[in-house]
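**Q** So that you have it, the file is input-v8.txt, and it contains compact mmCIF, N, CA and C atoms:
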```
# COMPACT_ATOMS: atom_id res chain seq x y z
N MET L 27 -23.97 -21.29 2.40
CA MET L 27 -24.71 -22.12 3.32
C MET L 27 -24.25 -23.56 3.23
N ALA L 28 -23.82 -23.98 2.06
CA ALA L 28 -23.41 -25.37 1.89
C ALA L 28 -22.15 -25.69 2.68
N GLN L 29 -21.31 -24.68 2.97
CA GLN L 29 -20.08 -24.94 3.70
C GLN L 29 -20.36 -25.40 5.12
N THR L 30 -21.47 -25.01 5.70
CA THR L 30 -21.74 -25.35 7.08
C THR L 30 -22.12 -26.81 7.27
N ILE L 31 -22.54 -27.48 6.22
CA ILE L 31 -22.96 -28.86 6.38
C ILE L 31 -21.98 -29.86 5.79
N ARG L 32 -20.87 -29.40 5.23
CA ARG L 32 -19.87 -30.32 4.71
C ARG L 32 -19.13 -30.99 5.84
N PRO L 33 -18.73 -32.23 5.64
CA PRO L 33 -17.89 -32.87 6.66
C PRO L 33 -16.54 -32.18 6.75
N ALA L 34 -15.86 -32.34 7.88
CA ALA L 34 -14.62 -31.62 8.15
C ALA L 34 -13.54 -31.88 7.11
N GLY L 35 -13.44 -33.05 6.59
CA GLY L 35 -12.34 -33.37 5.68
C GLY L 35 -12.67 -33.23 4.21
N SER L 36 -13.82 -32.72 3.86
CA SER L 36 -14.22 -32.70 2.46
C SER L 36 -13.41 -31.72 1.62
N ARG L 37 -12.87 -30.66 2.24
CA ARG L 37 -12.11 -29.69 1.47
C ARG L 37 -10.61 -29.80 1.72
N SER L 38 -10.19 -30.75 2.50
CA SER L 38 -8.76 -30.86 2.81
C SER L 38 -7.99 -31.38 1.61
N GLN L 39 -6.73 -31.05 1.59
CA GLN L 39 -5.87 -31.49 0.50
C GLN L 39 -5.45 -32.93 0.75
N PRO L 40 -5.15 -33.67 -0.31
CA PRO L 40 -4.70 -35.05 -0.12
C PRO L 40 -3.40 -35.09 0.68
N GLY L 41 -3.32 -36.03 1.60
CA GLY L 41 -2.12 -36.16 2.40
C GLY L 41 -2.09 -35.27 3.63
N ARG L 42 -3.10 -34.43 3.81
CA ARG L 42 -3.18 -33.55 4.97
C ARG L 42 -4.37 -33.94 5.80
N ARG L 43 -4.16 -34.05 7.09
CA ARG L 43 -5.25 -34.43 7.99
C ARG L 43 -6.13 -33.22 8.27
N ALA L 44 -7.43 -33.37 8.16
CA ALA L 44 -8.36 -32.29 8.45
C ALA L 44 -8.53 -32.17 9.96
N THR L 45 -8.47 -30.95 10.45
CA THR L 45 -8.58 -30.75 11.89
C THR L 45 -10.02 -30.61 12.33
N GLY L 46 -10.87 -30.06 11.49
CA GLY L 46 -12.26 -29.87 11.86
C GLY L 46 -12.47 -28.71 12.80
N SER L 47 -11.43 -27.96 13.10
CA SER L 47 -11.52 -26.84 14.02
C SER L 47 -11.87 -25.56 13.27
N LEU L 48 -12.58 -24.68 13.96
CA LEU L 48 -12.92 -23.39 13.36
C LEU L 48 -11.67 -22.55 13.16
N PHE L 49 -10.67 -22.71 14.05
CA PHE L 49 -9.48 -21.88 13.99
C PHE L 49 -8.31 -22.56 13.30
N ALA L 50 -8.57 -23.59 12.52
CA ALA L 50 -7.49 -24.29 11.83
C ALA L 50 -6.85 -23.38 10.79
N THR L 51 -5.55 -23.42 10.74
CA THR L 51 -4.84 -22.62 9.75
C THR L 51 -4.72 -23.40 8.46
N ASP L 52 -4.19 -22.78 7.47
CA ASP L 52 -4.00 -23.45 6.19
C ASP L 52 -2.65 -24.15 6.11
N GLY L 53 -1.90 -24.17 7.21
CA GLY L 53 -0.63 -24.87 7.24
C GLY L 53 0.54 -24.07 6.71
N LYS L 54 0.32 -22.83 6.33
CA LYS L 54 1.38 -21.98 5.80
C LYS L 54 1.68 -20.88 6.81
N PRO L 55 2.92 -20.43 6.87
CA PRO L 55 3.25 -19.33 7.78
C PRO L 55 2.76 -17.99 7.23
N HIS L 56 2.26 -17.16 8.11
CA HIS L 56 1.82 -15.81 7.75
C HIS L 56 2.42 -14.82 8.75
N PRO L 57 3.71 -14.53 8.64
CA PRO L 57 4.36 -13.71 9.66
C PRO L 57 3.83 -12.28 9.72
N VAL L 58 3.53 -11.67 8.61
CA VAL L 58 3.04 -10.29 8.62
C VAL L 58 1.67 -10.22 9.29
N GLN L 59 0.79 -11.13 8.94
CA GLN L 59 -0.54 -11.15 9.53
C GLN L 59 -0.48 -11.44 11.03
N ASP L 60 0.41 -12.35 11.42
CA ASP L 60 0.55 -12.67 12.84
C ASP L 60 1.07 -11.49 13.64
N VAL L 61 2.04 -10.76 13.08
CA VAL L 61 2.57 -9.57 13.77
C VAL L 61 1.48 -8.51 13.88
N LEU L 62 0.71 -8.30 12.83
CA LEU L 62 -0.37 -7.31 12.89
C LEU L 62 -1.42 -7.72 13.92
N MET L 63 -1.69 -9.02 14.02
CA MET L 63 -2.66 -9.49 15.01
C MET L 63 -2.16 -9.23 16.43
N VAL L 64 -0.89 -9.50 16.68
CA VAL L 64 -0.33 -9.28 18.01
C VAL L 64 -0.26 -7.79 18.34
N VAL L 65 0.17 -6.97 17.39
CA VAL L 65 0.25 -5.52 17.62
C VAL L 65 -1.13 -4.95 17.88
N THR L 66 -2.11 -5.38 17.12
CA THR L 66 -3.48 -4.90 17.33
C THR L 66 -3.99 -5.33 18.70
N GLY L 67 -3.69 -6.55 19.11
CA GLY L 67 -4.12 -7.02 20.43
C GLY L 67 -3.47 -6.24 21.56
N VAL L 68 -2.16 -6.00 21.44
CA VAL L 68 -1.46 -5.25 22.49
C VAL L 68 -1.97 -3.81 22.56
N LEU L 69 -2.15 -3.17 21.42
CA LEU L 69 -2.68 -1.82 21.41
C LEU L 69 -4.12 -1.78 21.94
N GLY L 70 -4.90 -2.80 21.63
CA GLY L 70 -6.27 -2.88 22.13
C GLY L 70 -6.31 -3.00 23.64
N ILE L 71 -5.46 -3.86 24.20
CA ILE L 71 -5.40 -4.00 25.66
C ILE L 71 -4.93 -2.72 26.31
N LEU L 72 -3.89 -2.09 25.72
CA LEU L 72 -3.39 -0.82 26.26
C LEU L 72 -4.47 0.26 26.24
N ALA L 73 -5.16 0.38 25.11
CA ALA L 73 -6.21 1.40 24.98
C ALA L 73 -7.36 1.11 25.94
N PHE L 74 -7.75 -0.14 26.07
CA PHE L 74 -8.87 -0.49 26.94
C PHE L 74 -8.55 -0.23 28.40
N VAL L 75 -7.37 -0.63 28.83
CA VAL L 75 -7.00 -0.46 30.23
C VAL L 75 -6.80 1.01 30.57
N THR L 76 -6.11 1.75 29.72
CA THR L 76 -5.87 3.17 30.03
C THR L 76 -7.14 4.01 29.89
N ALA L 77 -8.13 3.52 29.18
CA ALA L 77 -9.38 4.26 29.06
C ALA L 77 -10.15 4.30 30.38
N MET L 78 -9.82 3.42 31.28
CA MET L 78 -10.51 3.39 32.58
C MET L 78 -10.03 4.51 33.51
N PHE L 79 -8.96 5.19 33.12
CA PHE L 79 -8.42 6.27 33.93
C PHE L 79 -8.56 7.58 33.14
N HIS L 80 -9.27 8.53 33.72
CA HIS L 80 -9.61 9.77 33.03
C HIS L 80 -8.38 10.54 32.57
N HIS L 81 -7.33 10.58 33.37
CA HIS L 81 -6.15 11.38 33.04
C HIS L 81 -5.23 10.73 32.02
N LEU L 82 -5.51 9.51 31.58
CA LEU L 82 -4.71 8.83 30.57
C LEU L 82 -5.39 8.83 29.20
N HIS L 83 -6.20 9.85 28.95
CA HIS L 83 -6.97 9.88 27.70
C HIS L 83 -6.09 10.00 26.48
N LEU L 84 -4.93 10.64 26.58
CA LEU L 84 -4.04 10.75 25.42
C LEU L 84 -3.53 9.37 24.99
N ILE L 85 -3.13 8.57 25.95
CA ILE L 85 -2.63 7.22 25.64
C ILE L 85 -3.76 6.35 25.07
N SER L 86 -4.91 6.38 25.72
CA SER L 86 -6.00 5.52 25.27
C SER L 86 -6.52 5.93 23.89
N SER L 87 -6.62 7.21 23.63
CA SER L 87 -7.15 7.62 22.33
C SER L 87 -6.16 7.34 21.21
N TRP L 88 -4.88 7.60 21.42
CA TRP L 88 -3.90 7.34 20.37
C TRP L 88 -3.67 5.84 20.17
N ALA L 89 -3.55 5.10 21.27
CA ALA L 89 -3.38 3.64 21.14
C ALA L 89 -4.60 3.02 20.47
N GLY L 90 -5.79 3.51 20.80
CA GLY L 90 -7.00 3.01 20.18
C GLY L 90 -7.05 3.31 18.69
N LEU L 91 -6.67 4.52 18.33
CA LEU L 91 -6.69 4.91 16.91
C LEU L 91 -5.71 4.07 16.10
N VAL L 92 -4.49 3.94 16.60
CA VAL L 92 -3.49 3.14 15.89
C VAL L 92 -3.90 1.67 15.86
N GLY L 93 -4.50 1.17 16.95
CA GLY L 93 -4.98 -0.21 16.97
C GLY L 93 -6.09 -0.46 15.97
N ILE L 94 -6.97 0.49 15.82
CA ILE L 94 -8.05 0.35 14.84
C ILE L 94 -7.47 0.31 13.42
N LEU L 95 -6.52 1.18 13.15
CA LEU L 95 -5.94 1.24 11.80
C LEU L 95 -5.11 0.00 11.48
N THR L 96 -4.28 -0.46 12.42
CA THR L 96 -3.50 -1.68 12.15
C THR L 96 -4.42 -2.90 12.05
N GLY L 97 -5.47 -2.94 12.85
CA GLY L 97 -6.41 -4.04 12.76
C GLY L 97 -7.17 -4.05 11.44
N ALA L 98 -7.52 -2.87 10.96
CA ALA L 98 -8.23 -2.78 9.67
C ALA L 98 -7.33 -3.27 8.53
N TYR L 99 -6.07 -2.87 8.56
CA TYR L 99 -5.16 -3.35 7.52
C TYR L 99 -4.92 -4.85 7.66
N GLY L 100 -4.82 -5.31 8.89
CA GLY L 100 -4.66 -6.75 9.12
C GLY L 100 -5.85 -7.54 8.60
N GLN L 101 -7.04 -7.01 8.79
CA GLN L 101 -8.24 -7.67 8.25
C GLN L 101 -8.19 -7.72 6.73
N TYR L 102 -7.67 -6.67 6.14
CA TYR L 102 -7.60 -6.59 4.68
C TYR L 102 -6.69 -7.68 4.10
N ILE L 103 -5.57 -7.98 4.81
CA ILE L 103 -4.63 -8.95 4.26
C ILE L 103 -4.68 -10.31 4.96
N SER L 104 -5.62 -10.51 5.89
CA SER L 104 -5.65 -11.77 6.65
C SER L 104 -5.99 -12.95 5.76
N LYS L 105 -5.49 -14.11 6.16
CA LYS L 105 -5.69 -15.33 5.37
C LYS L 105 -6.54 -16.37 6.06
N THR L 106 -6.52 -16.42 7.40
CA THR L 106 -7.21 -17.49 8.10
C THR L 106 -8.23 -16.93 9.09
N THR L 107 -9.10 -17.80 9.53
CA THR L 107 -10.13 -17.43 10.50
C THR L 107 -9.51 -17.04 11.84
N TRP L 108 -8.44 -17.73 12.23
CA TRP L 108 -7.77 -17.42 13.49
C TRP L 108 -7.25 -15.99 13.49
N GLU L 109 -6.65 -15.56 12.39
CA GLU L 109 -6.15 -14.18 12.29
C GLU L 109 -7.31 -13.19 12.37
N ARG L 110 -8.37 -13.49 11.67
CA ARG L 110 -9.52 -12.57 11.68
C ARG L 110 -10.14 -12.47 13.07
N PHE L 111 -10.23 -13.60 13.77
CA PHE L 111 -10.79 -13.61 15.12
C PHE L 111 -9.94 -12.74 16.05
N GLY L 112 -8.63 -12.94 16.03
CA GLY L 112 -7.74 -12.15 16.88
C GLY L 112 -7.79 -10.68 16.53
N LEU L 113 -7.86 -10.38 15.25
CA LEU L 113 -7.92 -8.98 14.83
C LEU L 113 -9.22 -8.31 15.28
N ILE L 114 -10.32 -9.02 15.19
CA ILE L 114 -11.59 -8.43 15.62
C ILE L 114 -11.60 -8.18 17.12
N MET L 115 -11.01 -9.08 17.90
CA MET L 115 -10.91 -8.85 19.35
C MET L 115 -10.06 -7.62 19.64
N GLY L 116 -8.95 -7.48 18.93
CA GLY L 116 -8.08 -6.31 19.11
C GLY L 116 -8.74 -5.02 18.65
N ILE L 117 -9.44 -5.08 17.54
CA ILE L 117 -10.13 -3.89 17.03
C ILE L 117 -11.22 -3.47 18.00
N GLY L 118 -11.94 -4.43 18.54
CA GLY L 118 -13.01 -4.10 19.49
C GLY L 118 -12.47 -3.42 20.74
N ALA L 119 -11.39 -3.96 21.31
CA ALA L 119 -10.79 -3.35 22.49
C ALA L 119 -10.21 -1.99 22.16
N SER L 120 -9.60 -1.86 20.99
CA SER L 120 -9.05 -0.57 20.56
C SER L 120 -10.16 0.46 20.38
N ALA L 121 -11.27 0.04 19.83
CA ALA L 121 -12.37 0.97 19.60
C ALA L 121 -12.97 1.45 20.92
N VAL L 122 -13.14 0.55 21.88
CA VAL L 122 -13.67 0.96 23.18
C VAL L 122 -12.71 1.95 23.84
N GLY L 123 -11.41 1.64 23.81
CA GLY L 123 -10.42 2.54 24.38
C GLY L 123 -10.38 3.87 23.65
N PHE L 124 -10.48 3.83 22.33
CA PHE L 124 -10.47 5.07 21.55
C PHE L 124 -11.67 5.94 21.88
N TYR L 125 -12.84 5.36 21.89
CA TYR L 125 -14.05 6.15 22.15
C TYR L 125 -14.08 6.71 23.56
N LEU L 126 -13.66 5.92 24.54
CA LEU L 126 -13.61 6.45 25.91
C LEU L 126 -12.53 7.51 26.05
N GLY L 127 -11.40 7.31 25.38
CA GLY L 127 -10.34 8.33 25.39
C GLY L 127 -10.81 9.63 24.75
N MET L 128 -11.58 9.52 23.69
CA MET L 128 -12.13 10.72 23.05
C MET L 128 -13.14 11.40 23.96
N ALA L 129 -13.91 10.63 24.69
CA ALA L 129 -14.89 11.22 25.60
C ALA L 129 -14.22 11.90 26.78
N HIS L 130 -13.05 11.41 27.19
CA HIS L 130 -12.35 11.98 28.35
C HIS L 130 -11.48 13.17 27.99
N GLY L 131 -11.23 13.43 26.74
CA GLY L 131 -10.40 14.58 26.40
C GLY L 131 -9.87 14.59 24.99
N GLY L 132 -9.90 13.47 24.33
CA GLY L 132 -9.52 13.42 22.94
C GLY L 132 -8.04 13.23 22.67
N LEU L 133 -7.69 13.34 21.41
CA LEU L 133 -6.33 13.10 20.95
C LEU L 133 -5.37 14.20 21.39
N PHE L 134 -5.86 15.43 21.49
CA PHE L 134 -4.99 16.56 21.84
C PHE L 134 -5.51 17.34 23.03
N GLY L 135 -6.46 16.78 23.78
CA GLY L 135 -7.09 17.49 24.88
C GLY L 135 -6.10 17.95 25.94
N GLY L 136 -6.00 19.26 26.11
CA GLY L 136 -5.11 19.84 27.11
C GLY L 136 -3.70 20.07 26.61
N VAL L 137 -3.30 19.47 25.51
CA VAL L 137 -1.95 19.65 24.99
C VAL L 137 -1.90 20.85 24.05
N ILE L 138 -2.84 20.90 23.13
CA ILE L 138 -2.94 22.02 22.20
C ILE L 138 -4.16 22.85 22.60
N THR L 139 -3.93 24.12 22.87
CA THR L 139 -5.05 24.99 23.26
C THR L 139 -5.38 26.00 22.21
```
For this file, produce the structure as structure tokens.
**A**
Amino acid sequence: MAQTIRPAGSRSQPGRRATGSLFATDGKPHPVQDVLMVVTGVLGILAFVTAMFHHLHLISSWAGLVGILTGAYGQYISKTTWERFGLIMGIGASAVGFYLGMAHGGLFGGVIT
């Protein structure tokens, strides 16, 4: 609770300007986390959009499942609030696409009888 009332620059390192933004990074590159965030977002958009079409349930369910798993791993190794925010948006879209894809036919619906 004490973090919410601290001034923006109270935890900044000497010589570094505090941004005061919720999405401020720590100033270090995180290429793996950024790639996972982008992949999760793309899979989430793909799953969400294809879930709106009944006959694309295979794409939406698989893209949603993979998006959920990559987003979960990304959350596990994320370092900044910006990464976590992007991952949660991607996981949410992936989950909606996955659940609608499962409702329309599932992961193997019509392929394996």
**Q** Can you work out the spacing between atom CA of L:Val122 and atom CA of L:Gly90 in Å, to one decimal?
**A** 7.6 Å
**Q** Out of L:Ile103, L:Val58, L:Gly123, L:Arg110, which residue has the shortest atom-to-atom distance to L:Gly70 when counting only C-alpha atoms?
**A**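 The shortest atom-to-atom distance to L:Gly70 comes from L:Gly123.
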**Q** Would you mind reading off the distance between atom CA of L:Glu109 and atom CA of L:Asp60, one decimal, in Å?
**A** 6.9 Å
**Q** For L:Met128, which of L:Gly100, L:Pro57, L:Ser86, L:Val92 is the closest residue, counting only C-alpha atoms?
**A**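 Of the candidates, the smallest distance to L:Met128 is held by L:Ser86.
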**Q** If I take atom C of L:Met63 and atom C of L:Leu95, how far is one from the other in Å, to one decimal?
**A**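 Spanning atom C of L:Met63 to atom C of L:Leu95 is a straight-line distance of 10.9 Å.
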**Q** Just the residues within 10 Å of L:Ala129, please, counting only C-alpha atoms, with nothing from its chain fewer than 2 positions along; format it as a list of chain:residue names.
**A**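 After dropping sequence-adjacent residues, the list is L:Ala77, L:His80, L:His83, L:Ser87, L:Gly123, L:Phe124, L:Tyr125, L:Leu126, L:Gly127, L:Gly131, L:Gly132, L:Leu133.
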**Q** Compare L:Gly135, L:Met115, L:Ala73, L:Thr107 by their minimum atom-to-atom distance to L:Ala89, counting all atoms listed in the file, and give me the closest one.
**A**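 Closest candidate: L:Ala73.
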**Q** Once you count only C-alpha atoms, which residues end up no further than 12 Å from (-1.6, -11.3, 8.9) in the file's frame, shown as an MDAnalysis selection string?
**A** chainID L and resid 51 54:66 96:113
**Q** Output stretch 61-87 of chain L with N, CA, C and O atoms present, as a PDB file, in the frame of the given file.
**A**
```
ATOM      1  N   VAL L  61       2.040 -10.760  13.080  1.00  0.00           N
ATOM      2  CA  VAL L  61       2.570  -9.570  13.770  1.00  0.00           C
ATOM      3  C   VAL L  61       1.480  -8.510  13.880  1.00  0.00           C
ATOM      4  O   VAL L  61       1.333  -7.884  14.945  1.00  0.00           O
ATOM      5  N   LEU L  62       0.710  -8.300  12.830  1.00  0.00           N
ATOM      6  CA  LEU L  62      -0.370  -7.310  12.890  1.00  0.00           C
ATOM      7  C   LEU L  62      -1.420  -7.720  13.920  1.00  0.00           C
ATOM      8  O   LEU L  62      -1.965  -6.866  14.633  1.00  0.00           O
ATOM      9  N   MET L  63      -1.690  -9.020  14.020  1.00  0.00           N
ATOM     10  CA  MET L  63      -2.660  -9.490  15.010  1.00  0.00           C
ATOM     11  C   MET L  63      -2.160  -9.230  16.430  1.00  0.00           C
ATOM     12  O   MET L  63      -2.908  -8.748  17.280  1.00  0.00           O
ATOM     13  N   VAL L  64      -0.890  -9.500  16.680  1.00  0.00           N
ATOM     14  CA  VAL L  64      -0.330  -9.280  18.010  1.00  0.00           C
ATOM     15  C   VAL L  64      -0.260  -7.790  18.340  1.00  0.00           C
ATOM     16  O   VAL L  64      -0.625  -7.372  19.448  1.00  0.00           O
ATOM     17  N   VAL L  65       0.170  -6.970  17.390  1.00  0.00           N
ATOM     18  CA  VAL L  65       0.250  -5.520  17.620  1.00  0.00           C
ATOM     19  C   VAL L  65      -1.130  -4.950  17.880  1.00  0.00           C
ATOM     20  O   VAL L  65      -1.311  -4.134  18.798  1.00  0.00           O
ATOM     21  N   THR L  66      -2.110  -5.380  17.120  1.00  0.00           N
ATOM     22  CA  THR L  66      -3.480  -4.900  17.330  1.00  0.00           C
ATOM     23  C   THR L  66      -3.990  -5.330  18.700  1.00  0.00           C
ATOM     24  O   THR L  66      -4.636  -4.543  19.406  1.00  0.00           O
ATOM     25  N   GLY L  67      -3.690  -6.550  19.110  1.00  0.00           N
ATOM     26  CA  GLY L  67      -4.120  -7.020  20.430  1.00  0.00           C
ATOM     27  C   GLY L  67      -3.470  -6.240  21.560  1.00  0.00           C
ATOM     28  O   GLY L  67      -4.125  -5.859  22.525  1.00  0.00           O
ATOM     29  N   VAL L  68      -2.160  -6.000  21.440  1.00  0.00           N
ATOM     30  CA  VAL L  68      -1.460  -5.250  22.490  1.00  0.00           C
ATOM     31  C   VAL L  68      -1.970  -3.810  22.560  1.00  0.00           C
ATOM     32  O   VAL L  68      -2.212  -3.277  23.656  1.00  0.00           O
ATOM     33  N   LEU L  69      -2.150  -3.170  21.420  1.00  0.00           N
ATOM     34  CA  LEU L  69      -2.680  -1.820  21.410  1.00  0.00           C
ATOM     35  C   LEU L  69      -4.120  -1.780  21.940  1.00  0.00           C
ATOM     36  O   LEU L  69      -4.517  -0.827  22.624  1.00  0.00           O
ATOM     37  N   GLY L  70      -4.900  -2.800  21.630  1.00  0.00           N
ATOM     38  CA  GLY L  70      -6.270  -2.880  22.130  1.00  0.00           C
ATOM     39  C   GLY L  70      -6.310  -3.000  23.640  1.00  0.00           C
ATOM     40  O   GLY L  70      -7.095  -2.326  24.312  1.00  0.00           O
ATOM     41  N   ILE L  71      -5.460  -3.860  24.200  1.00  0.00           N
ATOM     42  CA  ILE L  71      -5.400  -4.000  25.660  1.00  0.00           C
ATOM     43  C   ILE L  71      -4.930  -2.720  26.310  1.00  0.00           C
ATOM     44  O   ILE L  71      -5.498  -2.259  27.301  1.00  0.00           O
ATOM     45  N   LEU L  72      -3.890  -2.090  25.720  1.00  0.00           N
ATOM     46  CA  LEU L  72      -3.390  -0.820  26.260  1.00  0.00           C
ATOM     47  C   LEU L  72      -4.470   0.260  26.240  1.00  0.00           C
ATOM     48  O   LEU L  72      -4.696   0.956  27.226  1.00  0.00           O
ATOM     49  N   ALA L  73      -5.160   0.380  25.110  1.00  0.00           N
ATOM     50  CA  ALA L  73      -6.210   1.400  24.980  1.00  0.00           C
ATOM     51  C   ALA L  73      -7.360   1.110  25.940  1.00  0.00           C
ATOM     52  O   ALA L  73      -7.887   2.034  26.584  1.00  0.00           O
ATOM     53  N   PHE L  74      -7.750  -0.140  26.070  1.00  0.00           N
ATOM     54  CA  PHE L  74      -8.870  -0.490  26.940  1.00  0.00           C
ATOM     55  C   PHE L  74      -8.550  -0.230  28.400  1.00  0.00           C
ATOM     56  O   PHE L  74      -9.367   0.338  29.137  1.00  0.00           O
ATOM     57  N   VAL L  75      -7.370  -0.630  28.830  1.00  0.00           N
ATOM     58  CA  VAL L  75      -7.000  -0.460  30.230  1.00  0.00           C
ATOM     59  C   VAL L  75      -6.800   1.010  30.570  1.00  0.00           C
ATOM     60  O   VAL L  75      -7.282   1.495  31.606  1.00  0.00           O
ATOM     61  N   THR L  76      -6.110   1.750  29.720  1.00  0.00           N
ATOM     62  CA  THR L  76      -5.870   3.170  30.030  1.00  0.00           C
ATOM     63  C   THR L  76      -7.140   4.010  29.890  1.00  0.00           C
ATOM     64  O   THR L  76      -7.199   5.109  30.447  1.00  0.00           O
ATOM     65  N   ALA L  77      -8.130   3.520  29.180  1.00  0.00           N
ATOM     66  CA  ALA L  77      -9.380   4.260  29.060  1.00  0.00           C
ATOM     67  C   ALA L  77     -10.150   4.300  30.380  1.00  0.00           C
ATOM     68  O   ALA L  77     -11.021   5.147  30.561  1.00  0.00           O
ATOM     69  N   MET L  78      -9.820   3.420  31.280  1.00  0.00           N
ATOM     70  CA  MET L  78     -10.510   3.390  32.580  1.00  0.00           C
ATOM     71  C   MET L  78     -10.030   4.510  33.510  1.00  0.00           C
ATOM     72  O   MET L  78     -10.629   4.730  34.567  1.00  0.00           O
ATOM     73  N   PHE L  79      -8.960   5.190  33.120  1.00  0.00           N
ATOM     74  CA  PHE L  79      -8.420   6.270  33.930  1.00  0.00           C
ATOM     75  C   PHE L  79      -8.560   7.580  33.140  1.00  0.00           C
ATOM     76  O   PHE L  79      -8.017   7.716  32.050  1.00  0.00           O
ATOM     77  N   HIS L  80      -9.270   8.530  33.720  1.00  0.00           N
ATOM     78  CA  HIS L  80      -9.610   9.770  33.030  1.00  0.00           C
ATOM     79  C   HIS L  80      -8.380  10.540  32.570  1.00  0.00           C
ATOM     80  O   HIS L  80      -8.350  11.101  31.473  1.00  0.00           O
ATOM     81  N   HIS L  81      -7.330  10.580  33.370  1.00  0.00           N
ATOM     82  CA  HIS L  81      -6.150  11.380  33.040  1.00  0.00           C
ATOM     83  C   HIS L  81      -5.230  10.730  32.020  1.00  0.00           C
ATOM     84  O   HIS L  81      -4.257  11.336  31.593  1.00  0.00           O
ATOM     85  N   LEU L  82      -5.510   9.510  31.580  1.00  0.00           N
ATOM     86  CA  LEU L  82      -4.710   8.830  30.570  1.00  0.00           C
ATOM     87  C   LEU L  82      -5.390   8.830  29.200  1.00  0.00           C
ATOM     88  O   LEU L  82      -5.155   7.951  28.381  1.00  0.00           O
ATOM     89  N   HIS L  83      -6.200   9.850  28.950  1.00  0.00           N
ATOM     90  CA  HIS L  83      -6.970   9.880  27.700  1.00  0.00           C
ATOM     91  C   HIS L  83      -6.090  10.000  26.480  1.00  0.00           C
ATOM     92  O   HIS L  83      -6.447   9.520  25.402  1.00  0.00           O
ATOM     93  N   LEU L  84      -4.930  10.640  26.580  1.00  0.00           N
ATOM     94  CA  LEU L  84      -4.040  10.750  25.420  1.00  0.00           C
ATOM     95  C   LEU L  84      -3.530   9.370  24.990  1.00  0.00           C
ATOM     96  O   LEU L  84      -3.524   9.042  23.799  1.00  0.00           O
ATOM     97  N   ILE L  85      -3.130   8.570  25.950  1.00  0.00           N
ATOM     98  CA  ILE L  85      -2.630   7.220  25.640  1.00  0.00           C
ATOM     99  C   ILE L  85      -3.760   6.350  25.070  1.00  0.00           C
ATOM    100  O   ILE L  85      -3.585   5.670  24.059  1.00  0.00           O
ATOM    101  N   SER L  86      -4.910   6.380  25.720  1.00  0.00           N
ATOM    102  CA  SER L  86      -6.000   5.520  25.270  1.00  0.00           C
ATOM    103  C   SER L  86      -6.520   5.930  23.890  1.00  0.00           C
ATOM    104  O   SER L  86      -6.803   5.062  23.064  1.00  0.00           O
ATOM    105  N   SER L  87      -6.620   7.210  23.630  1.00  0.00           N
ATOM    106  CA  SER L  87      -7.150   7.620  22.330  1.00  0.00           C
ATOM    107  C   SER L  87      -6.160   7.340  21.210  1.00  0.00           C
ATOM    108  O   SER L  87      -6.554   6.843  20.148  1.00  0.00           O
TER     109      SER L  87
END
```
